[in-house]
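Reviewing the structure listed below.
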Amino acid sequence: MREQLEELLTKARRELSAISEVKDLESWRVRYLGRKSELTNILRGLAGLSLEERKTVGARANEVKSLLAEGLNQKTEELKKGSTQKSVRVDDALLAMGDITLPGRPYPVGRLHPVTQTLNEMSEIFTSMGFQVFDGPEVEWDYYNFEALNIPEEHPTRDDQSTFWVDQLTSPKGWKGLLRTQTTAVSARAVEAMEPPIRIIEFGKCYRYEATDATHGIMFYHLDGLAVDRGITMADLKGTLYEFARRYFGEDRKVRFRCDFFPFVEPGVEMAIECALCHGEGCSLCDEGWLEILGAGMTHPDVLRRGGIDPDVYTSFAFGIGVERLPMLRYGVDDMRLFYANDLRFLRQL
Amino acid sequence: MKISLNWLKQYVDTTLPPKEVARRLTMAGSEVKGQQVIGENWEGIVVGRITAVNAHPNADRLTLVTIDLGGSEETVVCGAPNVAVDTKVAYAPVGARLINPNTGEQETLKSAKIRGVVSSGMACSEKELGISEDHTGILVLSDEAEVGRPLADYLGDVIFNMDITPNRPDCLSMIGLAREIAALTGQTVHLPDASYEEVEPSVESQVSVEITAPDLCPRYCASLITGISIGESPRWMQERLISYGMRPINNIVDVTNFVMLEYGQPLHSFDYEKLSGRKIIVHRASEGEEMVSLDGIERTLAGNMLVIADAERAVALAGVMGGANSEVTEETTSILLESASFNPRSIHYTGRILNMPSEACMRFERGISPELTLPAIKRATQLIAELGGGQVARGIIDVYPGRVEPQPLAITTEEVKRVLGVEFNREQIEATLSSLGFECQAGSSASEVLATAPYWRSDISIPVDLVEEVARVIGYDEIPTTMLNTPIPQQSPAPVIELKRKLGESLTGYGFHEIVTNPLVNLEMLNRLYPESHSASPAPIKLANPISIMHEYLRPNLRVGLMAALVTNRRIGGPVRFYELGKVYLPQLDDLPEEVEMLCGVLSGLRDEPSWQNASSSLGEAAPFSFFDAKGIVEGLLTGLGVPSSYELSTDETLHPLKQAAIVTDGGQVGIVGELHPAVLEGFDIPGPVQFFEISLPALLPFIHGHRMFQPIPRFPAMLRDVALVVDVGTAYQQIVNIMRGFPLVEQVALFDVYSGDQVPPGKKSLACRITYQSPDHTLTDEEVNRVQKRILDKLSRDLGATLRS
């Protein structure tokens with residue numbers, strides 16, 4: 001009986017190793033491990049043996065059973081694995097050559113213009129602080145662009161904002177048509193059109209009559225912000241703009257507020273970030289270690305008053321940002337003209 | 001503006017390092033944009049005295065100069081014309097660092113033999129030392145310079161490059177900046193002693209001043225100095241002027257410039273002998289009046305310009321420039337000195353119209369106080385008398401029709417807190433304002449301060465101006481950082497912005513690059529879009545003062561910009577997909593133009609990127625984009641927005657007459673799609689074909705419904721039937737679809753083949769459609785579908801003469 005067991009094991013193993021398809025494994029299993037298999041018969045026959053023999057042969061029989069079961073498992077695994085490889089070969093002859101570095105089928109990649117990306121990012125930051133987008137015209141009356149913002153005629157503050165005038169465009173009020181030089185003009189409209197509380201941003205194209213160079217163009221983008229309510233302070237302005245800088249430039253970038261002058265605010269502020277190149281030491285890229293980012297301040301009482309808002313009741317802050325400067329600093333773009341030349345070799349990068 | 005720190009230190013004591021002084025000024029509003037240290041590299045360079053000048057044995061234009069260095073002597077070869085015994089010069093030994101005047105680079109001085117004579121070191125020019133651009137001769141030092149001392153002790157300086165804001169004309173002066181530094185560092189300002197001796201007769205007895213335009217000239221002061229001789233100003237004064245970037249001219253002009261830089265008050269000197277009638281009259285110019293200004297240019301004046309005249313004629317353009325007829329020259333012996341106050345807007349106007357920007361103009365147009373005229377004229381009179389060796393006539397003429405008494409402004413601790421968000425007590429406020437020269441008194445309440453601005457602060461007019469003063473001197477760093485904590489105002493929707501965002505998302509997803517072009521365009525390029533009429537209609541809006549004809553008109557559409565972008569990128573081999581979302585500007589009578597947000601896109605080049613996966617592209621069968629690519633994009637965009645669209649014949653002359661269609665929604669046309677007209681492409685020299693689409697956002701917006709209803713997903717299976725119809729070539733697919741969709745159970749119609757050729761009769765085409773039949777409430781049977789399909793085919797046959805393709 002013992003020999004019978006060993007023979008069975010050898011034969012079963014031989015047959016198993018000859019099997020090459022998963023589907024043939026089942027008949028082998030039935031033959032050697034099934035309920036009517038030879039092994040089952042041997043185990044049944046154990047009852048007729050002496051206690052001593054029953055012990056040794058029984059133990060071996062159980063061993064053979066688990067050896068065969070194990071063999072079956074291994075073989076099943078092996079065949080399954082093989083069949084996967086085989087189906088891959090059938091599916092794609094080229095992969096069989098093994099070159100997975102061949103490029104994939106190209107899908108076109110398009111991008112938003114870097115200025116749009118920047119405006120979207122800025123809008124997201126400010127709208128998350130409760131500001132909403134307010135729109136105004138690019139062709140504007142001189143009143144909103146200048147007078148309403150404390151920039152009278154024949155004043156040096158106008159000299160920085162050389163203006164394109166529209167040919168023969170005068171309003172019934174005697175206002176003259178121009179291309180806005182700053183989106184702050186929209187704030188002048190907003191204080192007139194809206195009742196406090198106001199919390200808005202305005203952005204879009206602006207124009208100045210200037211020689212074009214790496215940092216100036218006749219057309220560029222501004223983003224302005226305005227908040228009007230009871231109890232708004234310069235500390236809130238600082239908080240709002242520091243938060244903006246933190247989110248746009250990152251946690252570690254140092255920021256500073258210094259006194260500056262803009263006709264439509266008092267007190268006036270210039271915000272700068274530390275120069276990433278020299279870390280505040282001063283270099284050719286920056287002014288004494290700082291890069292100016294934006295102008296801001298507490299809205300001048302006369303600007304509010306002209307819009308019908310009582311400056312003794314309400315306080316307000318305003319800020320204005322040159323948009324192109326932000327991606328220029330972030331991506332190291334050294335020439336503003338690239339933004340509007342629309343060369344794909346530029347657009348594809350940002 | 002270049003400001004010498006040494007000069008500043010004449011008026012205020014400070015021991016702070018220059019960098020810290022710069023920082024404090026910058027933080028408080030007067031920005032130091034950069035610093036230049038003069039003498040940083042002057043190691044070894046010392047003051048020397050020339051003891052002998054001998055001819056060079058081998059060269060006529062060179063000299064051998066012996067220089068006493070206080071204990072030793074060196075002989076150098078020198079080519080400068082201004083070497084003279086006993087003058088003091090800057091001596092650089094071999095090994096010193098100097099600027100090569102030819103290259104501007106810093107170099108180490110080497111021992112050299114010049115025309116056979118060894119030069120041990122050299123005497124330096126200003127340019128070689130990096131002080132100025134002057135290389136016409138060697139730098140001559142003033143007599144006070146001590147022989148043997150390092151030059152840096154004597155001439156070393158730090159120059160601040162400053163940006164002064166337009167509201168602070170007082171800071172366009174040394175004393176003004178000294179006052180700022182004093183307030184920011186707790187120091188006091190020392191003003192120069194401006195006393196001098198006077199002699200009879202009085203100035204009033206020798207000249208009279210009359211102002212006939214007091215609105216343009218609130219104050220006019222004059223003094224008279226006689227018996228002066230014109231010459232060079234002393235070295236110390238020249239150095240001051242040079243440090244600012246001004247050229248020394250003569251002792252009189254230099255004094256007026258020096259005092260302007262010192263006090264901020266522009267002055268003018270007349271040759272007294274040239275003034276007719278011993279009279280000064282300040283009046284408006286006559287329209288068309290002519291005057292030759294100091295620079296020799298004849299100026300035609302307008303009636304609203306202010307002139308200074310004598311009894312007969314204009315002798316100066318007030319505050320802008322003097323006249324040639326009363327100019328101080330070598331022969332001048334008597335000076336009538338003017339220190340006046342002029343209306344800032346008038347000065348700005350005159351300077352702008354005559355294009356004569358000047359240092360004086362810049363100060364006047366920013367609004368300097370009339371109170372400044374008197375201290376400045378005293379100082380200048382003193383210096384002219386001293387440097388010109390003259391005598392001062394007793395008294396100063398002072399005509400002052402525009403005197404305004406200073407008014408105190410009230411500021412409270414509550415107001416400071418209301419604006420700044422931080423509390424400063426009354427003592428802090430008072431101390432800060434006092435440090436700036438404000439006179440402070442107790443107000444009507446315990447928290448109130450009444451502050452009167454010093455005369456030089458012409459920018460202070462309302463209480464919040466005082467708040468800024470307090471904030472900037474105490475420091476913006478002291479203001480806390482808080483987030484807005486008032487309720488967020490109600491938000492109103494901005495549908496156009498939302499629509500732009502969605503369109504941008506879709507188009508970039510389709511592989512388009514967004515471009516942004518300048519809305520200022522060239523008319524001729526614009527007209528190239530219209531190959532037949534050659535002009536855009538309506539006429540685009542024109543600028544009154546274009547910077548160039550390339551940017552003279554506001555675009556009436558986005559097409560020109562896209563053309564320009566295609567030209568820029570025409571060398572790109574693969575597919576080019578561009579769109580722009582921007583405004584176009586349509587004129588309106590007597591009103592601002594209508595600004596319409598538009599979308600415009602182009603597809604150019606090959607439809608597919610060259611790739612091994614797109615076998616056709618490598619086999620030379622690559623197809624360019626066609627009309628149906630552009631139409632597919634438009635359909636995709638509109639479907640994405642939930643807007644059903646149809647397409648109708650259109651006649652846009654920029655587009656190919658047979659390959660264009662109006663994009664029509666429920667309520668009308670929202671845009672156009674088509675292939676660009678070959679003549680247009682030729683006009684722009686762009687290789688074709690180019691596919692194009694244009695959508696008006698305001699036209700589209702009303703059809704975008706935020707509100708859409710859910711349709712249950714069909715529970716019963718659909719049945720598909722393919723039919724190939726033969727129709728006249730002129731029959732539109734849309735007509736077939738409309739008929740099919742008019743029948744019940746027809747859920748969807750899809751076109752999968754279009755054929756015309758041998759297999760169908762001439763003049764006919766075959767359209768193969770797959771019709772999807774479906775019912776929401778039961779499973780369809782063949783008979784049911786057959787019945788409907790038969791009715792459809794009957795109607796198609798009746799209405800369109802369609803037959804089934806055999």
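Chain labels follow the order of the structure tokens: the first chain is A, the next B, and so on; residue numbering restarts at 1 in every chain, and ligands are counted from 1 in their shown order.
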
Per-residue DSSP, segment 105-300 of chain A, filtered to alpha helix (DSSP H), as a PDB file with N, CA and C atoms, in the first residue's frame:
```pdb
ATOM      1  N   PRO A 114      -1.189  83.533 -19.949  1.00  0.00           N
ATOM      2  CA  PRO A 114      -0.648  83.723 -18.595  1.00  0.00           C
ATOM      3  C   PRO A 114      -1.326  84.862 -17.818  1.00  0.00           C
ATOM      4  N   VAL A 115      -1.749  85.902 -18.515  1.00  0.00           N
ATOM      5  CA  VAL A 115      -2.441  86.994 -17.812  1.00  0.00           C
ATOM      6  C   VAL A 115      -3.803  86.515 -17.308  1.00  0.00           C
ATOM      7  N   THR A 116      -4.494  85.728 -18.124  1.00  0.00           N
ATOM      8  CA  THR A 116      -5.780  85.169 -17.682  1.00  0.00           C
ATOM      9  C   THR A 116      -5.566  84.251 -16.480  1.00  0.00           C
ATOM     10  N   GLN A 117      -4.527  83.422 -16.575  1.00  0.00           N
ATOM     11  CA  GLN A 117      -4.233  82.535 -15.433  1.00  0.00           C
ATOM     12  C   GLN A 117      -4.018  83.345 -14.169  1.00  0.00           C
ATOM     13  N   THR A 118      -3.250  84.433 -14.319  1.00  0.00           N
ATOM     14  CA  THR A 118      -2.949  85.258 -13.151  1.00  0.00           C
ATOM     15  C   THR A 118      -4.215  85.914 -12.613  1.00  0.00           C
ATOM     16  N   LEU A 119      -5.025  86.447 -13.536  1.00  0.00           N
ATOM     17  CA  LEU A 119      -6.272  87.090 -13.103  1.00  0.00           C
ATOM     18  C   LEU A 119      -7.192  86.078 -12.419  1.00  0.00           C
ATOM     19  N   ASN A 120      -7.242  84.866 -12.967  1.00  0.00           N
ATOM     20  CA  ASN A 120      -8.074  83.844 -12.341  1.00  0.00           C
ATOM     21  C   ASN A 120      -7.600  83.554 -10.923  1.00  0.00           C
ATOM     22  N   GLU A 121      -6.290  83.447 -10.790  1.00  0.00           N
ATOM     23  CA  GLU A 121      -5.731  83.131  -9.470  1.00  0.00           C
ATOM     24  C   GLU A 121      -5.989  84.277  -8.487  1.00  0.00           C
ATOM     25  N   MET A 122      -5.792  85.496  -8.970  1.00  0.00           N
ATOM     26  CA  MET A 122      -6.019  86.656  -8.109  1.00  0.00           C
ATOM     27  C   MET A 122      -7.494  86.749  -7.730  1.00  0.00           C
ATOM     28  N   SER A 123      -8.366  86.563  -8.721  1.00  0.00           N
ATOM     29  CA  SER A 123      -9.802  86.626  -8.447  1.00  0.00           C
ATOM     30  C   SER A 123     -10.190  85.602  -7.395  1.00  0.00           C
ATOM     31  N   GLU A 124      -9.622  84.430  -7.535  1.00  0.00           N
ATOM     32  CA  GLU A 124      -9.950  83.366  -6.589  1.00  0.00           C
ATOM     33  C   GLU A 124      -9.553  83.763  -5.167  1.00  0.00           C
ATOM     34  N   ILE A 125      -8.364  84.349  -5.052  1.00  0.00           N
ATOM     35  CA  ILE A 125      -7.896  84.745  -3.722  1.00  0.00           C
ATOM     36  C   ILE A 125      -8.823  85.833  -3.154  1.00  0.00           C
ATOM     37  N   PHE A 126      -9.120  86.836  -3.957  1.00  0.00           N
ATOM     38  CA  PHE A 126      -9.922  87.940  -3.425  1.00  0.00           C
ATOM     39  C   PHE A 126     -11.388  87.550  -3.244  1.00  0.00           C
ATOM     40  N   THR A 127     -11.936  86.732  -4.166  1.00  0.00           N
ATOM     41  CA  THR A 127     -13.332  86.344  -3.966  1.00  0.00           C
ATOM     42  C   THR A 127     -13.471  85.480  -2.717  1.00  0.00           C
ATOM     43  N   ASP A 142     -12.930 111.220 -18.915  1.00  0.00           N
ATOM     44  CA  ASP A 142     -11.801 111.726 -18.121  1.00  0.00           C
ATOM     45  C   ASP A 142     -12.206 111.956 -16.664  1.00  0.00           C
ATOM     46  N   TYR A 143     -13.489 112.265 -16.451  1.00  0.00           N
ATOM     47  CA  TYR A 143     -13.946 112.513 -15.082  1.00  0.00           C
ATOM     48  C   TYR A 143     -13.659 111.316 -14.171  1.00  0.00           C
ATOM     49  N   TYR A 144     -14.060 110.117 -14.604  1.00  0.00           N
ATOM     50  CA  TYR A 144     -13.871 108.944 -13.734  1.00  0.00           C
ATOM     51  C   TYR A 144     -12.407 108.526 -13.633  1.00  0.00           C
ATOM     52  N   ASN A 145     -11.696 108.726 -14.726  1.00  0.00           N
ATOM     53  CA  ASN A 145     -10.295 108.304 -14.717  1.00  0.00           C
ATOM     54  C   ASN A 145      -9.419 109.271 -13.919  1.00  0.00           C
ATOM     55  N   PRO A 156       0.878 117.608 -11.696  1.00  0.00           N
ATOM     56  CA  PRO A 156       1.949 116.660 -12.037  1.00  0.00           C
ATOM     57  C   PRO A 156       1.536 115.197 -11.885  1.00  0.00           C
ATOM     58  N   THR A 157       0.525 114.914 -11.062  1.00  0.00           N
ATOM     59  CA  THR A 157       0.106 113.514 -10.907  1.00  0.00           C
ATOM     60  C   THR A 157      -0.444 112.951 -12.207  1.00  0.00           C
ATOM     61  N   ARG A 158      -0.838 113.851 -13.137  1.00  0.00           N
ATOM     62  CA  ARG A 158      -1.307 113.345 -14.431  1.00  0.00           C
ATOM     63  C   ARG A 158      -0.149 112.987 -15.346  1.00  0.00           C
ATOM     64  N   ASP A 159       1.018 113.565 -15.068  1.00  0.00           N
ATOM     65  CA  ASP A 159       2.143 113.373 -15.982  1.00  0.00           C
ATOM     66  C   ASP A 159       2.592 111.917 -16.049  1.00  0.00           C
ATOM     67  N   THR A 184      -8.678 101.870 -11.526  1.00  0.00           N
ATOM     68  CA  THR A 184      -9.227 102.642 -10.415  1.00  0.00           C
ATOM     69  C   THR A 184     -10.435 103.466 -10.877  1.00  0.00           C
ATOM     70  N   ALA A 185     -10.487 103.785 -12.183  1.00  0.00           N
ATOM     71  CA  ALA A 185     -11.647 104.499 -12.726  1.00  0.00           C
ATOM     72  C   ALA A 185     -12.935 103.743 -12.418  1.00  0.00           C
ATOM     73  N   VAL A 186     -12.853 102.418 -12.403  1.00  0.00           N
ATOM     74  CA  VAL A 186     -14.043 101.620 -12.106  1.00  0.00           C
ATOM     75  C   VAL A 186     -14.470 101.832 -10.646  1.00  0.00           C
ATOM     76  N   SER A 187     -13.490 102.026  -9.765  1.00  0.00           N
ATOM     77  CA  SER A 187     -13.821 102.311  -8.358  1.00  0.00           C
ATOM     78  C   SER A 187     -14.587 103.623  -8.252  1.00  0.00           C
ATOM     79  N   ALA A 188     -14.173 104.612  -9.075  1.00  0.00           N
ATOM     80  CA  ALA A 188     -14.865 105.900  -9.048  1.00  0.00           C
ATOM     81  C   ALA A 188     -16.319 105.710  -9.459  1.00  0.00           C
ATOM     82  N   ARG A 189     -16.556 104.798 -10.411  1.00  0.00           N
ATOM     83  CA  ARG A 189     -17.933 104.493 -10.810  1.00  0.00           C
ATOM     84  C   ARG A 189     -18.652 103.712  -9.715  1.00  0.00           C
ATOM     85  N   ALA A 190     -17.919 102.802  -9.088  1.00  0.00           N
ATOM     86  CA  ALA A 190     -18.555 101.934  -8.086  1.00  0.00           C
ATOM     87  C   ALA A 190     -19.064 102.744  -6.900  1.00  0.00           C
ATOM     88  N   VAL A 191     -18.272 103.708  -6.416  1.00  0.00           N
ATOM     89  CA  VAL A 191     -18.741 104.466  -5.249  1.00  0.00           C
ATOM     90  C   VAL A 191     -19.974 105.289  -5.618  1.00  0.00           C
ATOM     91  N   GLU A 192     -20.086 105.618  -6.903  1.00  0.00           N
ATOM     92  CA  GLU A 192     -21.257 106.361  -7.347  1.00  0.00           C
ATOM     93  C   GLU A 192     -22.467 105.437  -7.506  1.00  0.00           C
ATOM     94  N   ALA A 193     -22.222 104.226  -8.023  1.00  0.00           N
ATOM     95  CA  ALA A 193     -23.320 103.336  -8.381  1.00  0.00           C
ATOM     96  C   ALA A 193     -23.784 102.444  -7.230  1.00  0.00           C
ATOM     97  N   MET A 234      -7.010 100.580   8.167  1.00  0.00           N
ATOM     98  CA  MET A 234      -5.773 100.283   7.453  1.00  0.00           C
ATOM     99  C   MET A 234      -5.199  98.930   7.906  1.00  0.00           C
ATOM    100  N   ALA A 235      -5.526  98.516   9.117  1.00  0.00           N
ATOM    101  CA  ALA A 235      -5.090  97.188   9.572  1.00  0.00           C
ATOM    102  C   ALA A 235      -5.768  96.110   8.731  1.00  0.00           C
ATOM    103  N   ASP A 236      -7.028  96.361   8.342  1.00  0.00           N
ATOM    104  CA  ASP A 236      -7.733  95.406   7.475  1.00  0.00           C
ATOM    105  C   ASP A 236      -7.113  95.382   6.083  1.00  0.00           C
ATOM    106  N   LEU A 237      -6.707  96.568   5.630  1.00  0.00           N
ATOM    107  CA  LEU A 237      -6.033  96.644   4.318  1.00  0.00           C
ATOM    108  C   LEU A 237      -4.762  95.809   4.353  1.00  0.00           C
ATOM    109  N   LYS A 238      -4.024  95.982   5.434  1.00  0.00           N
ATOM    110  CA  LYS A 238      -2.774  95.240   5.590  1.00  0.00           C
ATOM    111  C   LYS A 238      -3.049  93.742   5.618  1.00  0.00           C
ATOM    112  N   GLY A 239      -4.062  93.364   6.376  1.00  0.00           N
ATOM    113  CA  GLY A 239      -4.420  91.947   6.482  1.00  0.00           C
ATOM    114  C   GLY A 239      -4.807  91.367   5.129  1.00  0.00           C
ATOM    115  N   THR A 240      -5.632  92.115   4.395  1.00  0.00           N
ATOM    116  CA  THR A 240      -6.111  91.640   3.094  1.00  0.00           C
ATOM    117  C   THR A 240      -4.950  91.460   2.120  1.00  0.00           C
ATOM    118  N   LEU A 241      -4.079  92.471   2.071  1.00  0.00           N
ATOM    119  CA  LEU A 241      -3.002  92.406   1.086  1.00  0.00           C
ATOM    120  C   LEU A 241      -1.887  91.439   1.492  1.00  0.00           C
ATOM    121  N   TYR A 242      -1.639  91.322   2.782  1.00  0.00           N
ATOM    122  CA  TYR A 242      -0.645  90.342   3.226  1.00  0.00           C
ATOM    123  C   TYR A 242      -1.139  88.934   2.918  1.00  0.00           C
ATOM    124  N   GLU A 243      -2.438  88.741   3.086  1.00  0.00           N
ATOM    125  CA  GLU A 243      -3.010  87.433   2.775  1.00  0.00           C
ATOM    126  C   GLU A 243      -2.877  87.138   1.284  1.00  0.00           C
ATOM    127  N   PHE A 244      -3.144  88.164   0.478  1.00  0.00           N
ATOM    128  CA  PHE A 244      -2.978  87.990  -0.967  1.00  0.00           C
ATOM    129  C   PHE A 244      -1.526  87.594  -1.291  1.00  0.00           C
ATOM    130  N   ALA A 245      -0.570  88.341  -0.712  1.00  0.00           N
ATOM    131  CA  ALA A 245       0.845  88.076  -1.002  1.00  0.00           C
ATOM    132  C   ALA A 245       1.236  86.677  -0.525  1.00  0.00           C
ATOM    133  N   ARG A 246       0.718  86.307   0.632  1.00  0.00           N
ATOM    134  CA  ARG A 246       1.051  84.988   1.185  1.00  0.00           C
ATOM    135  C   ARG A 246       0.563  83.895   0.235  1.00  0.00           C
ATOM    136  N   ARG A 247      -0.651  84.081  -0.278  1.00  0.00           N
ATOM    137  CA  ARG A 247      -1.195  83.032  -1.137  1.00  0.00           C
ATOM    138  C   ARG A 247      -0.586  83.063  -2.530  1.00  0.00           C
ATOM    139  N   TYR A 248      -0.238  84.227  -3.025  1.00  0.00           N
ATOM    140  CA  TYR A 248       0.328  84.255  -4.383  1.00  0.00           C
ATOM    141  C   TYR A 248       1.818  83.929  -4.380  1.00  0.00           C
ATOM    142  N   PHE A 249       2.542  84.465  -3.412  1.00  0.00           N
ATOM    143  CA  PHE A 249       4.006  84.308  -3.434  1.00  0.00           C
ATOM    144  C   PHE A 249       4.509  83.242  -2.473  1.00  0.00           C
TER     145      PHE A 249
END
```

Item to check | Spatial neighbours of segment 216-232 of chain A, 6 Å, only C-alpha atoms, chain gap at least 2 places, as a PyMOL selection string | outcome: chain A and resi 183-184+196-210+212-214+314-323

Checklist entry - So which residues touch Thr654 of chain B within 12 Å, counting only C-alpha atoms, skipping near sequence neighbours fewer than 4 positions away, as JSON, numbers by chain? => result {"B": [526, 527, 528, 529, 530, 531, 532, 533, 534, 535, 536, 557, 559, 560, 563, 650, 658, 659, 660, 672, 673, 674, 675, 676, 677, 678, 679, 680, 681, 682, 683, 690, 691, 692, 693, 694]}

Next on the checklist: Tell me as a PyMOL selection string which residues belonging to chain B come within 7 Å of chain A, counting only C-alpha atoms.
Outcome noted: chain B and resi 27-29+33-34+165-166+345+348-349+365-366+418-421+464-465+468+472+476+479-484+488-489+491+504+508-518+542-547+565+568-569+590-592+609+613

What does the file look like for those residues with C-alpha atoms, as a CSV table (one decimal), in the first residue's frame?
```csv
chain,number,residue,atom,x,y,z
B,27,MET,CA,9.4,103.6,4.8
B,28,ALA,CA,8.2,107.1,5.6
B,29,GLY,CA,7.4,107.9,1.9
B,33,LYS,CA,15.8,103.5,-4.7
B,34,GLY,CA,19.5,103.0,-4.7
B,165,THR,CA,6.3,111.8,-4.5
B,166,PRO,CA,4.5,114.7,-6.2
B,345,ARG,CA,-1.3,124.8,-12.6
B,348,HIS,CA,2.5,123.2,-15.3
B,349,TYR,CA,0.5,124.4,-18.3
B,365,GLU,CA,4.0,122.9,-10.3
B,366,ARG,CA,4.0,120.7,-7.2
B,418,ARG,CA,-11.0,104.7,13.0
B,419,VAL,CA,-8.6,105.0,10.1
B,420,LEU,CA,-5.6,103.0,11.1
B,421,GLY,CA,-7.1,100.4,13.3
B,464,VAL,CA,-6.8,112.5,7.5
B,465,ASP,CA,-3.5,114.1,6.2
B,468,GLU,CA,-0.9,109.7,7.6
B,472,ARG,CA,4.3,107.2,8.7
B,476,TYR,CA,3.5,101.5,9.1
B,479,ILE,CA,-0.2,99.0,12.3
B,480,PRO,CA,-1.6,95.5,13.1
B,481,THR,CA,-2.6,93.0,10.5
B,482,THR,CA,-6.3,92.1,10.7
B,483,MET,CA,-8.8,90.5,8.3
B,484,LEU,CA,-12.0,92.2,7.3
B,488,ILE,CA,-19.6,90.0,3.3
B,489,PRO,CA,-21.8,92.1,1.1
B,491,GLN,CA,-22.9,89.0,-4.2
B,504,GLY,CA,-11.9,79.2,-21.8
B,508,THR,CA,-8.2,74.9,-23.8
B,509,GLY,CA,-9.5,71.4,-23.3
B,510,TYR,CA,-9.9,71.2,-27.1
B,511,GLY,CA,-6.3,72.2,-27.4
B,512,PHE,CA,-6.7,75.9,-28.1
B,513,HIS,CA,-4.2,78.4,-26.8
B,514,GLU,CA,-5.7,81.6,-25.5
B,515,ILE,CA,-4.1,84.8,-26.9
B,516,VAL,CA,-4.4,88.4,-25.9
B,517,THR,CA,-3.8,91.1,-28.4
B,518,ASN,CA,-3.7,94.8,-28.3
B,542,LYS,CA,-10.1,106.6,-33.8
B,543,LEU,CA,-7.7,108.0,-31.3
B,544,ALA,CA,-7.0,111.7,-31.2
B,545,ASN,CA,-3.3,111.2,-30.4
B,546,PRO,CA,-2.2,107.7,-31.5
B,547,ILE,CA,1.4,106.8,-30.7
B,565,ALA,CA,-1.0,85.9,-34.2
B,568,THR,CA,3.7,85.4,-35.9
B,569,ASN,CA,3.4,81.6,-35.7
B,590,ASP,CA,-22.1,111.3,-28.0
B,591,ASP,CA,-21.6,108.4,-25.6
B,592,LEU,CA,-18.9,106.0,-24.7
B,609,GLU,CA,0.0,66.4,-34.7
B,613,GLN,CA,0.3,56.8,-34.3
```

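Here atom CA of Trp612 of chain B stands at a distance of 15.7 Å from atom CA of Gly573 of chain B.
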
Next on the checklist: Counting only C-alpha atoms, which residue out of A:Leu326, A:Leu304, A:Ile19, A:Met336 sits closest to Ala148 of chain A?
Outcome noted: A:Leu304

Using only C-alpha atoms, which protein or nucleic acid residues come within 9 Å of Ala61 of chain A? Drop anything in the same chain fewer than 4 positions from it, and give the result as a PDB file with N, CA and C atoms, in the first residue's frame.
```pdb
ATOM      1  N   ARG A   2       1.905   1.146   0.711  1.00  0.00           N
ATOM      2  CA  ARG A   2       2.862   2.220   0.792  1.00  0.00           C
ATOM      3  C   ARG A   2       3.445   2.523  -0.592  1.00  0.00           C
ATOM      4  N   LEU A   5       1.131   4.232  -2.968  1.00  0.00           N
ATOM      5  CA  LEU A   5       1.079   5.678  -2.693  1.00  0.00           C
ATOM      6  C   LEU A   5       2.187   6.428  -3.434  1.00  0.00           C
ATOM      7  N   LEU A  39      -6.440   8.143  -4.683  1.00  0.00           N
ATOM      8  CA  LEU A  39      -5.984   8.511  -3.342  1.00  0.00           C
ATOM      9  C   LEU A  39      -7.113   8.342  -2.324  1.00  0.00           C
ATOM     10  N   ILE A  42      -7.377   4.762  -1.482  1.00  0.00           N
ATOM     11  CA  ILE A  42      -6.322   4.323  -0.563  1.00  0.00           C
ATOM     12  C   ILE A  42      -6.684   4.722   0.863  1.00  0.00           C
ATOM     13  N   LEU A  43      -7.137   5.939   0.998  1.00  0.00           N
ATOM     14  CA  LEU A  43      -7.472   6.416   2.351  1.00  0.00           C
ATOM     15  C   LEU A  43      -8.621   5.598   2.944  1.00  0.00           C
ATOM     16  N   THR A  56       1.282   5.073  10.042  1.00  0.00           N
ATOM     17  CA  THR A  56       2.335   5.520   9.115  1.00  0.00           C
ATOM     18  C   THR A  56       1.800   5.745   7.721  1.00  0.00           C
ATOM     19  N   VAL A  57       1.016   4.792   7.186  1.00  0.00           N
ATOM     20  CA  VAL A  57       0.508   4.944   5.822  1.00  0.00           C
ATOM     21  C   VAL A  57      -0.468   6.126   5.757  1.00  0.00           C
ATOM     22  N   LYS A  65      -1.522  13.918  -0.388  1.00  0.00           N
ATOM     23  CA  LYS A  65      -2.671  14.727  -0.768  1.00  0.00           C
ATOM     24  C   LYS A  65      -2.321  16.211  -0.784  1.00  0.00           C
ATOM     25  N   SER A  66      -1.638  16.644   0.277  1.00  0.00           N
ATOM     26  CA  SER A  66      -1.328  18.088   0.307  1.00  0.00           C
ATOM     27  C   SER A  66      -0.254  18.448  -0.698  1.00  0.00           C
TER      28      SER A  66
END
```
